[in-house]
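Data first, discussion second: the structure below is written as structure tokens.
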Amino acid sequence: QIVREDQPAPEAPTPSPRANHTTCLYESSVVLFGGHGGTGFQRRAWNDTWVLNLDNARWQELQCQGNPPAPRAGHTAFSKDGNIYVFGGWNHDSIFNDLFMLDVENKDWSDVDLSWGVPRWNCCLQLVEAIPSWRVFVFGGTADVFGEGRAGGVYDLKIGVLNLAREFAWDEPKLEMSEDTDKQ
């Protein structure tokens, strides 16, 4: 494309304004997935994937193949071994307890087909190197424990542990609660 000096340079692509999205560090880039928002009064859930190159501060939308997650916000994500994993979240129609994986290099989404408990959103997770395998600890957030959808979600004190051994598996360790916690 030829740009004349008297014409403004074309704007570089950027993600739409949004909230409740996730970002993960991948090599020298930040990978953004999903969220909800838009310009003006537009409020929609996204399932787009953007990469911010930290070397040149430029965004690029990834055109992915495979089986991407449904549009969602309030999900959690982590990066491990060249893949981005997305868990849970919500949109205007559904709430989720699914797990998806993006192979960033090949731009390929896949459904890991491994859910944990009831649908949950706005939870927190942490990836930990725990011998002999890596584990992901998911805590709290809002969970659909009564099967009522987002309107019926309650704060949850459960911890889910995703073991990233050869075959992924969820575990839900029994927690010892203080009397003060039981009253809440």
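The chains in the structure tokens are called A, B, ... from first to last as shown; in each chain the residues are counted from 1, and the ligands are counted from 1 in the order shown.
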
Inset, instruction - Show which residues sit within 8 Å of Ala77 in chain A, as a list in words. Count only C-alpha atoms, and ignore same-chain residues fewer than 6 positions away. - result: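 The residues that qualify are Thr22, Thr23, Cys24, Ile84, Tyr85, Val86, Phe87 and Leu125 of chain A.
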
All residues 7 Å or closer to range 112-121 of chain A, only C-alpha atoms, same chain fewer than 4 positions away omitted, as a PDB file with C-alpha atoms, in the first residue's frame:
```pdb
ATOM      1  CA  GLY A  74     -14.749 -13.618  33.253  1.00  0.00           C
ATOM      2  CA  HIS A  75     -12.674 -16.662  32.288  1.00  0.00           C
ATOM      3  CA  GLY A  88     -14.575 -21.166  32.526  1.00  0.00           C
ATOM      4  CA  GLY A  89     -16.238 -17.780  32.076  1.00  0.00           C
ATOM      5  CA  TRP A  90     -19.632 -16.513  30.899  1.00  0.00           C
ATOM      6  CA  ILE A  95     -21.794 -20.072  31.699  1.00  0.00           C
ATOM      7  CA  PHE A  96     -18.811 -22.370  31.272  1.00  0.00           C
ATOM      8  CA  ASN A  97     -16.654 -24.920  33.094  1.00  0.00           C
ATOM      9  CA  ASP A  98     -14.725 -26.045  30.014  1.00  0.00           C
ATOM     10  CA  LEU A  99     -11.025 -25.991  29.201  1.00  0.00           C
ATOM     11  CA  PHE A 100      -9.577 -25.011  25.809  1.00  0.00           C
ATOM     12  CA  MET A 101      -6.005 -24.926  24.520  1.00  0.00           C
ATOM     13  CA  GLY A 141     -15.008 -16.937  41.921  1.00  0.00           C
ATOM     14  CA  THR A 142     -18.695 -17.292  41.264  1.00  0.00           C
ATOM     15  CA  ALA A 143     -20.191 -20.730  40.697  1.00  0.00           C
ATOM     16  CA  ASP A 144     -23.546 -21.952  39.488  1.00  0.00           C
ATOM     17  CA  VAL A 145     -23.977 -24.366  42.415  1.00  0.00           C
ATOM     18  CA  TRP A 170      -8.857 -32.342  37.978  1.00  0.00           C
TER      19      TRP A 170
END
```

Inset, instruction - Determine the nearest neighbour of Val138 in chain A from the options A:Thr39, A:Asn56, A:Asn163, A:Thr49, counting only C-alpha atoms. - result: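 That would be A:Asn163, the residue with the smallest distance to Val138 in chain A.
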
Inset, instruction - List the neighbours of range 104-108 of chain A out to 9 Å using only C-alpha atoms; skip same-chain residues closer than 3 positions along the sequence, and give me the result as a PyMOL selection string. - result: chain A and resi 26+31+62-68+82-84+101

I'd like the neighbourhood of Pro71 in chain A as an mmCIF file with all heavy atoms, in the first residue's frame, where a residue qualifies if any of its atoms comes within 7 Å (using only C-alpha atoms), though same-chain residues fewer than 5 positions away should be ignored.
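See out-v5.cif below for the written result:
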```
data_model
loop_
_atom_site.group_PDB
_atom_site.id
_atom_site.type_symbol
_atom_site.label_atom_id
_atom_site.label_comp_id
_atom_site.auth_asym_id
_atom_site.auth_seq_id
_atom_site.Cartn_x
_atom_site.Cartn_y
_atom_site.Cartn_z
ATOM 1 N N GLY A 34 -10.558 -12.971 24.420
ATOM 2 C CA GLY A 34 -11.931 -12.780 24.884
ATOM 3 C C GLY A 34 -12.203 -11.497 25.616
ATOM 4 O O GLY A 34 -11.616 -10.462 25.362
ATOM 5 N N ALA A 45 -19.759 -10.267 23.992
ATOM 6 C CA ALA A 45 -18.651 -11.122 24.415
ATOM 7 C C ALA A 45 -17.787 -11.417 23.195
ATOM 8 O O ALA A 45 -18.284 -11.522 22.077
ATOM 9 C CB ALA A 45 -19.188 -12.408 25.023
ATOM 10 N N TRP A 46 -16.502 -11.544 23.427
ATOM 11 C CA TRP A 46 -15.537 -11.779 22.352
ATOM 12 C C TRP A 46 -14.906 -13.155 22.510
ATOM 13 O O TRP A 46 -14.742 -13.651 23.618
ATOM 14 C CB TRP A 46 -14.420 -10.734 22.400
ATOM 15 C CG TRP A 46 -14.870 -9.329 22.289
ATOM 16 C CD1 TRP A 46 -15.134 -8.466 23.315
ATOM 17 C CD2 TRP A 46 -15.101 -8.587 21.099
ATOM 18 N NE1 TRP A 46 -15.511 -7.252 22.815
ATOM 19 C CE2 TRP A 46 -15.506 -7.292 21.463
ATOM 20 C CE3 TRP A 46 -15.016 -8.897 19.743
ATOM 21 C CZ2 TRP A 46 -15.811 -6.314 20.537
ATOM 22 C CZ3 TRP A 46 -15.314 -7.919 18.819
ATOM 23 C CH2 TRP A 46 -15.707 -6.655 19.212
ATOM 24 N N ASN A 47 -14.495 -13.741 21.403
ATOM 25 C CA ASN A 47 -13.618 -14.917 21.443
ATOM 26 C C ASN A 47 -12.464 -14.726 20.456
ATOM 27 O O ASN A 47 -11.932 -15.681 19.921
ATOM 28 C CB ASN A 47 -14.364 -16.224 21.182
ATOM 29 C CG ASN A 47 -14.838 -16.393 19.760
ATOM 30 O OD1 ASN A 47 -14.973 -15.415 19.026
ATOM 31 N ND2 ASN A 47 -15.098 -17.621 19.348
ATOM 32 N N ASN A 91 -20.992 -15.703 29.096
ATOM 33 C CA ASN A 91 -21.429 -14.725 28.096
ATOM 34 C C ASN A 91 -22.917 -14.487 28.332
ATOM 35 O O ASN A 91 -23.466 -14.956 29.336
ATOM 36 C CB ASN A 91 -21.096 -15.158 26.658
ATOM 37 C CG ASN A 91 -21.821 -16.404 26.212
ATOM 38 O OD1 ASN A 91 -22.907 -16.743 26.686
ATOM 39 N ND2 ASN A 91 -21.210 -17.126 25.284
#
```

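By chain and then residue number, the residues within 6 Å of His21 in chain A are A:Phe33, A:Gly34, A:Gly35, A:Ala73, counting only C-alpha atoms and disregarding those fewer than 5 positions away in sequence.
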
Legend entry - Pick from A:Lys174, A:Arg166, A:Arg72, A:His36 nearest to Pro132 in chain A, counting only C-alpha atoms: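 Counting only C-alpha atoms, the residue closest to Pro132 in chain A is A:Arg166.
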
Inset, instruction - Can you check which residues of range 53-105 of chain A DSSP gives as strand (DSSP E or B) on the backbone and send them as a PyMOL selection string? - result: chain A and resi 53+58-61+65-66+73+76-80+83-90+95-103
